[in-house]
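> Handing you this structure, nothing more for now.
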Amino acid sequence: MSLVHFILSVRTPELPKYKCFKYSKLSKTVVNLSLLATSFCFSQECDLRLEGKVLDLHDNSPISAAVIYVEDSNETVFTDDNGVFVLENQCTQKINLKISHLHCDDLYIGVNLNKTTSRKFFLEHHIESLEEVIVEESKLKKLSSTAQSYVLSELQKDQYSGRGLAKALEQISGVNMLSTGNVISKPMIHGMFGSRVGIIYDGVSIENQQWGQDHAPNVDQNAFDEIRLIKGAGVLKYSGDTPGGVVVLESRVPKIADSLYGKTILNGMSNGRGLDIISSWTKSFQSGKYFKVQGMIKRVGDFEAPDYLLSNTGNDENNISFSLGQNKILSHWKINFSFFNQEIGILRSAHIGNVYDLVTAIELDNPSIINPFSHQVISPKQDNKHYTAGVQYSKRNQSNGKWTAQYSWQKNNRKEYDVRRGQYNNKAAIDLTLDTHNLTTNYKWDGSKWSFDTGAFLQVQDNYSNPYTGIKRLIPDYIKTRLGTYFTASLSPSNDFSLGFGFRYGHQNNQVKKYYHNSRWRTENYEERLGAFVIRDGAGQKLVEQRLIFNNLSLNTGLKYSIQPDLKLSLNVFHTERAPDIAEMFSDGLHHSLATIEYGNPFLKSETTQKFVINVEKQIGNFRYNFSPYFSQGQNYIIIEPTGFELTMRGAFPVWEYRAVSSTIRGIDLDLSLQLNEHIKFSNNSSWIEGYEKESKTPLINIPPFTTTNQIQFSLPNWKSFLMVLSSKSSLRQNQFPNHNFETSVVENGVRMKKLVDISTPPRGYHLLGMEFHWGPYPFFSDKISVSLIFDNMLNASYRNYLNRLRFYADEMGRNMMLQIKIRH
């Protein structure tokens, strides 16, 4: 008799349940042969537990009422309101699950159980209605676990669709607009601008000549679904050298469904007699593939101040972008391309020929040149072209991790046209081409209590300054290489407390070739420190080639604590190190769009800033406030300021030079809102800031004055599709400013005399009143249509802005009425 037949012939008392091979159906064995029988069985008891949580793939929100089906045992359970399900009494084996939910693709997944386990499962949760605008989800998406972030609503985004990114962000407390005329503007956060404010779009830092005050970001904000901002250097994933803050523009991933949808906006404006059309379309498929295209055409003529025309201030803009990709549960790839093209007129009267013209402009109430209205843009002007292309791939794994790799290419061509004669009449005075290649990779992991994000980056940048302009090159040729790594983590032991920390290390290698005229070489005594780098000497100038190395480390840490359900406190501490821009070190010559001579400082070191930001958020019934004081101090803080004037072959021009100081900047941002009743809401945002040199207590240049904006929103009880907004903005005079005035000798009526050139005294404060009317959306065949009527500067106030570099020559633009028609397809 075989051993198996012998075992089967013997009856024994009932034993515990075991999971076995084909003999597992036998429940009774001989006690004294039980050890032998288990050689044919796996003797694990089925007492394991699988606790799972089903989350939305995109925003980690829980999915309730999802169906979990165990294919091996036909067991079915459902997730609760928190997305949690539990499977009890599971055996040691691989179990196969099918997870289903309405508007989701089914997820088939196997789980190896050898102990009680907790797991997260991600579903692709779709939007049922094409017309749904995801505003709240955007607000909940965090740029930082502890720092306060701000999101523009869909209405705010569309309202400023034709007026530029800086104007849109100015609605946020602590954000100002640094401008050159009426079109060129860039965001200033907590008194910092340029390279200290990062602009990130779809994970890529915009790279153009953003160093000058007149260099606006070359990006079309209408190509993105979300505009978010964080004050302070709290996003080390993107940048470690932006103590001012970071602006993040992101495109939303299309839904997985066979659909075609889009949006078209038409803006018409009275001031400048301008018109622009913006249209975006998305085609998505059930397979996860999608294609998006967006474009903008804009034509604006000369703007008008309340009392006169601002000649040659129009602009033309043509933008297009598209992307295609595939969005899957566990993977996503995307290819994108964009082209930004803008031609901007520079106020004709601001293009001075000498210091006497500047004195005259300051003394006169009206511009020296006022021509008839025109849509034509002539010299002086800027012509900016920016190309972007990239490819991105990301993949999730079963342990809540996500790996992403991205390559991007940017090409920026910037031209400035002077008023010239003869063969140079139509030739650019400045012609810069900047090529940038970025390669980044990162891995992000999310746990129930803590998460981390780590990655590495490599950038190679090549700047070419066209030597055939007939004018000395303002910016030299250079090749910049940057590489480094970052790590950020957050810990949330409870719903009331979270802690975040991180670091970013960057190595930067600049290889620069720069010509110095012999006269300035001698004046600045460069021979002692730069003589060893001269590679060519002749024709009255020296060619210097240098390799400059910078190693920078940035750190941040912060905590967020809910003291009470309606009282939240956060504290963030940032340490940033920023290598000086090439322009800050090597600018040399006439900056034509500003009609100033600029000189860099080749001996600048890395700028270091420590910043502290506190945020207190409190809600008392229908009243909510957000109080945010901040303090920063900088070492080798780089500023540019006027130092006098210089005679050239073309005339005398003001001279601006870069230098490094020890700085202190402090301020307070305040946001208030009160819902008076269901139909009336009052809000206010205010910001106060002061900045000065630490040793001398001299005020820093271009620090914004105190500003406050009040707004009242009205809706009608029986007309939910109507909204009226009344706004009032007040900006006080800046009384803290450095004195850079100088004297010059001029001839008036045949008599030579000395004149004070007052380029320091800020203009008086001002008050602006605005009103908005919004109707819709209303059904329009198969679409929905909304209409807005917007009035800016309703009282047609004459004023000048301290943060406008062209304030010496003309007032700001007067009353403007804008009609906006928005069609959602």
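Each chain of the structure tokens is named A, B, ... in the order shown, its residues numbered from 1; ligands are numbered from 1 in display order.
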Find the spatial neighbours of range 635-637 of chain A, counting only C-alpha atoms, within a cut-off of 9 Å - ignore same-chain residues fewer than 4 positions away - and output them as a tab-separated table (two decimals) with all heavy atoms, in the first residue's frame.

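Written out: around.tsv:
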```
chain	number	residue	atom	x	y	z
A	604	LEU	N	31.24	90.47	-8.78
A	604	LEU	CA	30.14	90.10	-7.89
A	604	LEU	C	30.24	88.65	-7.45
A	604	LEU	O	30.72	87.78	-8.19
A	604	LEU	CB	28.80	90.31	-8.61
A	604	LEU	CG	28.40	91.77	-8.91
A	604	LEU	CD1	27.14	91.81	-9.76
A	604	LEU	CD2	28.22	92.56	-7.63
A	605	LYS	N	29.78	88.38	-6.23
A	605	LYS	CA	29.76	87.03	-5.68
A	605	LYS	C	28.32	86.56	-5.56
A	605	LYS	O	27.38	87.31	-5.81
A	605	LYS	CB	30.45	87.02	-4.31
A	605	LYS	CG	31.91	87.44	-4.36
A	605	LYS	CD	32.53	87.44	-2.96
A	605	LYS	CE	33.99	87.89	-3.01
A	605	LYS	NZ	34.60	87.92	-1.65
A	606	SER	N	28.15	85.33	-5.14
A	606	SER	CA	26.80	84.78	-4.98
A	606	SER	C	26.02	85.59	-3.95
A	606	SER	O	26.53	85.95	-2.88
A	606	SER	CB	26.85	83.32	-4.56
A	606	SER	OG	27.22	82.49	-5.62
A	607	GLU	N	24.79	85.85	-4.29
A	607	GLU	CA	23.88	86.58	-3.41
A	607	GLU	C	23.22	85.59	-2.45
A	607	GLU	O	22.73	84.54	-2.86
A	607	GLU	CB	22.83	87.28	-4.27
A	607	GLU	CG	21.75	88.00	-3.52
A	607	GLU	CD	20.72	88.57	-4.48
A	607	GLU	OE1	21.02	89.60	-5.13
A	607	GLU	OE2	19.63	87.99	-4.60
A	608	THR	N	23.22	85.92	-1.17
A	608	THR	CA	22.66	85.05	-0.14
A	608	THR	C	21.53	85.78	0.57
A	608	THR	O	21.67	86.93	0.95
A	608	THR	CB	23.74	84.64	0.89
A	608	THR	OG1	24.83	84.02	0.20
A	608	THR	CG2	23.18	83.67	1.90
A	609	THR	N	20.41	85.09	0.73
A	609	THR	CA	19.24	85.70	1.37
A	609	THR	C	18.65	84.74	2.40
A	609	THR	O	18.51	83.54	2.13
A	609	THR	CB	18.15	86.05	0.33
A	609	THR	OG1	18.71	86.89	-0.67
A	609	THR	CG2	16.99	86.76	0.99
A	610	GLN	N	18.33	85.26	3.58
A	610	GLN	CA	17.56	84.52	4.58
A	610	GLN	C	16.20	85.20	4.71
A	610	GLN	O	16.12	86.43	4.86
A	610	GLN	CB	18.26	84.50	5.95
A	610	GLN	CG	19.61	83.79	5.94
A	610	GLN	CD	20.75	84.67	5.46
A	610	GLN	OE1	20.79	85.87	5.75
A	610	GLN	NE2	21.66	84.09	4.70
A	659	ARG	N	25.82	97.00	-8.18
A	659	ARG	CA	26.69	96.84	-7.03
A	659	ARG	C	26.01	95.94	-6.01
A	659	ARG	O	24.79	95.69	-6.10
A	659	ARG	CB	27.06	98.18	-6.41
A	659	ARG	CG	25.95	98.92	-5.71
A	659	ARG	CD	26.43	100.27	-5.18
A	659	ARG	NE	25.37	101.00	-4.49
A	659	ARG	CZ	25.22	101.04	-3.17
A	659	ARG	NH1	26.11	100.39	-2.39
A	659	ARG	NH2	24.25	101.73	-2.62
A	660	ALA	N	26.78	95.44	-5.05
A	660	ALA	CA	26.26	94.53	-4.02
A	660	ALA	C	26.21	95.24	-2.68
A	660	ALA	O	27.14	95.99	-2.32
A	660	ALA	CB	27.12	93.29	-3.93
A	661	VAL	N	25.14	95.03	-1.93
A	661	VAL	CA	24.97	95.64	-0.61
A	661	VAL	C	24.46	94.58	0.37
A	661	VAL	O	24.06	93.48	-0.02
A	661	VAL	CB	23.95	96.81	-0.67
A	661	VAL	CG1	24.41	97.87	-1.65
A	661	VAL	CG2	22.55	96.30	-1.05
A	662	SER	N	24.49	94.90	1.64
A	662	SER	CA	23.80	94.12	2.66
A	662	SER	C	22.42	94.74	2.83
A	662	SER	O	22.31	95.94	3.09
A	662	SER	CB	24.57	94.14	3.98
A	662	SER	OG	25.81	93.48	3.86
A	663	SER	N	21.39	93.93	2.67
A	663	SER	CA	20.04	94.48	2.61
A	663	SER	C	19.15	93.92	3.70
A	663	SER	O	19.38	92.83	4.24
A	663	SER	CB	19.40	94.16	1.25
A	663	SER	OG	19.22	92.76	1.11
```
> Can you list every residue of range 409-432 of chain A that has an atom at most 8 Å from range 371-394 of chain A, with its nearest atom pair and the distance in Å to one decimal, using only C-alpha atoms, ordered by chain then number, as JSON lines?

```
{"residue": "A:Trp409", "atom": "CA", "partner": "A:Ala389", "partner_atom": "CA", "distance": 5.3}
{"residue": "A:Gln410", "atom": "CA", "partner": "A:Thr388", "partner_atom": "CA", "distance": 4.5}
{"residue": "A:Lys411", "atom": "CA", "partner": "A:Tyr387", "partner_atom": "CA", "distance": 5.0}
{"residue": "A:Asn412", "atom": "CA", "partner": "A:His386", "partner_atom": "CA", "distance": 4.4}
{"residue": "A:Asn413", "atom": "CA", "partner": "A:Lys385", "partner_atom": "CA", "distance": 5.2}
{"residue": "A:Arg414", "atom": "CA", "partner": "A:Asn384", "partner_atom": "CA", "distance": 4.7}
{"residue": "A:Lys415", "atom": "CA", "partner": "A:Asp383", "partner_atom": "CA", "distance": 5.1}
{"residue": "A:Glu416", "atom": "CA", "partner": "A:Gln382", "partner_atom": "CA", "distance": 4.7}
{"residue": "A:Tyr417", "atom": "CA", "partner": "A:Pro380", "partner_atom": "CA", "distance": 5.2}
{"residue": "A:Asp418", "atom": "CA", "partner": "A:Pro380", "partner_atom": "CA", "distance": 4.9}
{"residue": "A:Val419", "atom": "CA", "partner": "A:Ser379", "partner_atom": "CA", "distance": 5.5}
```
> Can you tell me, as a ChimeraX atom specification, what residues are no more than 6 Å from range 554-558 of chain A when counting only C-alpha atoms, ignoring any on the same chain fewer than 6 positions away?
/A:146,240,499-504,571-577
> List every residue of range 151-387 of chain A that DSSP, applied to the backbone of this structure, assigns to helix (DSSP H, G or I), and report them as a list in words.
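Restricting range 151-387 of chain A to helix (DSSP H, G or I) produces Glu154, Leu155, Gln156, Lys157, Asp158, Gln159, Leu165, Ala166, Lys167, Ala168, Leu169, Gly194, Ser195, Arg196, Gln221, Asn222, Ala223, Arg348, Ser349, Ala350, Val355, Tyr356, Asp357, Leu358, Val359, Thr360, Ala361, Ile362 and Glu363 of chain A.
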> Which is closer to Asn626 in chain A than all the others in A:Ser519, A:Ser338, A:Ser745, A:Ser570, using only C-alpha atoms?
A:Ser570
> Based on the backbone DSSP call, show me all residues of range 588-721 of chain A assigned strand (DSSP E or B), as JSON, numbers by chain.
{"A": [588, 589, 590, 591, 596, 597, 598, 599, 607, 608, 609, 610, 611, 612, 613, 614, 615, 616, 617, 618, 619, 620, 623, 624, 625, 626, 627, 628, 629, 630, 631, 632, 633, 634, 635, 636, 637, 638, 639, 640, 641, 642, 643, 644, 645, 646, 647, 648, 651, 652, 653, 654, 655, 656, 657, 658, 659, 660, 661, 662, 663, 664, 665, 666, 667, 668, 669, 670, 671, 672, 673, 674, 675, 680, 681, 682, 683, 684, 685, 686, 687, 688, 689, 690, 691, 692, 693, 699, 707, 708, 709, 710, 711, 712, 713, 714, 715, 716, 719, 720, 721]}
> May I ask for the distance between CA of Leu726 in chain A and CA of Asn710 in chain A, given in Å to one decimal place?
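The value is 8.3 Å.
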> Within 9 Å of range 805-819 of chain A, which residues of range 207-322 of chain A come that close, and what is the closest atom pair and distance in Å for each? Count only C-alpha atoms and give it as CSV.

```
residue,atom,partner,partner_atom,distance
A:Gln213,CA,A:Arg805,CA,7.8
A:Asp214,CA,A:Arg805,CA,8.2
A:Leu266,CA,A:Leu819,CA,8.0
A:Asn267,CA,A:Leu819,CA,5.8
A:Gly268,CA,A:Leu819,CA,5.2
A:Met269,CA,A:Met818,CA,4.3
A:Ser270,CA,A:Met817,CA,5.3
A:Asn271,CA,A:Asn816,CA,5.0
A:Gly272,CA,A:Asn816,CA,8.6
A:Phe303,CA,A:Met813,CA,6.4
A:Glu304,CA,A:Met813,CA,5.4
A:Ala305,CA,A:Met813,CA,4.2
A:Pro306,CA,A:Gly814,CA,4.7
A:Asp307,CA,A:Gly814,CA,8.3
A:Tyr308,CA,A:Asp811,CA,9.0
A:Leu309,CA,A:Met813,CA,9.0
A:Leu310,CA,A:Ala810,CA,7.6
```
> Rounded to one decimal place, report the CA of Ile297 in chain A-CA of Glu317 in chain A distance in Å.
5.8 Å
> Give me the residues within 8 Å of range 189-191 of chain A as a VMD selection string, counting only C-alpha atoms and dropping any in the same chain fewer than 4 places off.
chain A and resid 174 to 176 197 231 244 to 245 665 667 689 691 702 to 704
> Could you take the residues named above and write them with N, CA, C and O atoms, as a compact mmCIF listing (two decimals), in the first residue's frame?

```
# COMPACT_ATOMS: atom_id res chain seq x y z
N GLY A 174 0.94 91.67 -1.76
CA GLY A 174 2.38 91.47 -1.76
C GLY A 174 2.99 91.37 -3.14
O GLY A 174 4.21 91.26 -3.27
N VAL A 175 2.15 91.40 -4.19
CA VAL A 175 2.62 91.32 -5.57
C VAL A 175 2.40 92.67 -6.24
O VAL A 175 1.29 93.20 -6.23
N ASN A 176 3.45 93.22 -6.81
CA ASN A 176 3.38 94.47 -7.54
C ASN A 176 3.82 94.25 -8.98
O ASN A 176 4.31 93.17 -9.34
N VAL A 197 12.48 86.02 -8.88
CA VAL A 197 11.12 85.50 -9.00
C VAL A 197 11.12 84.47 -10.12
O VAL A 197 11.39 84.79 -11.28
N LYS A 231 4.75 82.79 -2.17
CA LYS A 231 5.65 83.86 -1.76
C LYS A 231 6.79 83.25 -0.95
O LYS A 231 6.56 82.62 0.07
N GLY A 244 12.19 85.80 -3.80
CA GLY A 244 10.94 86.53 -3.92
C GLY A 244 9.75 85.60 -3.92
O GLY A 244 8.81 85.75 -3.14
N GLY A 245 9.78 84.60 -4.77
CA GLY A 245 8.69 83.66 -4.87
C GLY A 245 8.71 82.95 -6.20
O GLY A 245 9.60 83.14 -7.03
N ILE A 665 14.84 93.70 4.14
CA ILE A 665 13.50 93.94 3.59
C ILE A 665 12.49 93.33 4.54
O ILE A 665 12.64 92.17 4.96
N GLY A 667 8.04 93.43 5.63
CA GLY A 667 6.73 93.90 5.22
C GLY A 667 5.62 93.05 5.79
O GLY A 667 5.85 92.08 6.52
N ILE A 689 5.65 97.49 2.74
CA ILE A 689 7.01 96.97 2.64
C ILE A 689 8.01 98.10 2.76
O ILE A 689 7.74 99.24 2.32
N GLY A 691 12.51 98.59 2.50
CA GLY A 691 13.80 97.95 2.28
C GLY A 691 14.91 98.98 2.34
O GLY A 691 14.74 100.12 1.88
N ASN A 702 13.38 101.24 -5.91
CA ASN A 702 12.27 100.47 -6.46
C ASN A 702 11.58 99.57 -5.44
O ASN A 702 11.21 98.43 -5.73
N ILE A 703 11.40 100.10 -4.24
CA ILE A 703 10.59 99.39 -3.24
C ILE A 703 9.16 99.93 -3.34
O ILE A 703 8.95 101.14 -3.30
N PRO A 704 8.17 99.07 -3.48
CA PRO A 704 6.79 99.54 -3.69
C PRO A 704 6.27 100.33 -2.49
O PRO A 704 6.61 100.04 -1.34
```
> Could you check which of A:Leu432, A:Ile535, A:Leu732, A:Ile597 is closest to Pro705 in chain A, using only C-alpha atoms?
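Of A:Leu432, A:Ile535, A:Leu732, A:Ile597, the one nearest Pro705 in chain A is A:Leu732, counting only C-alpha atoms.
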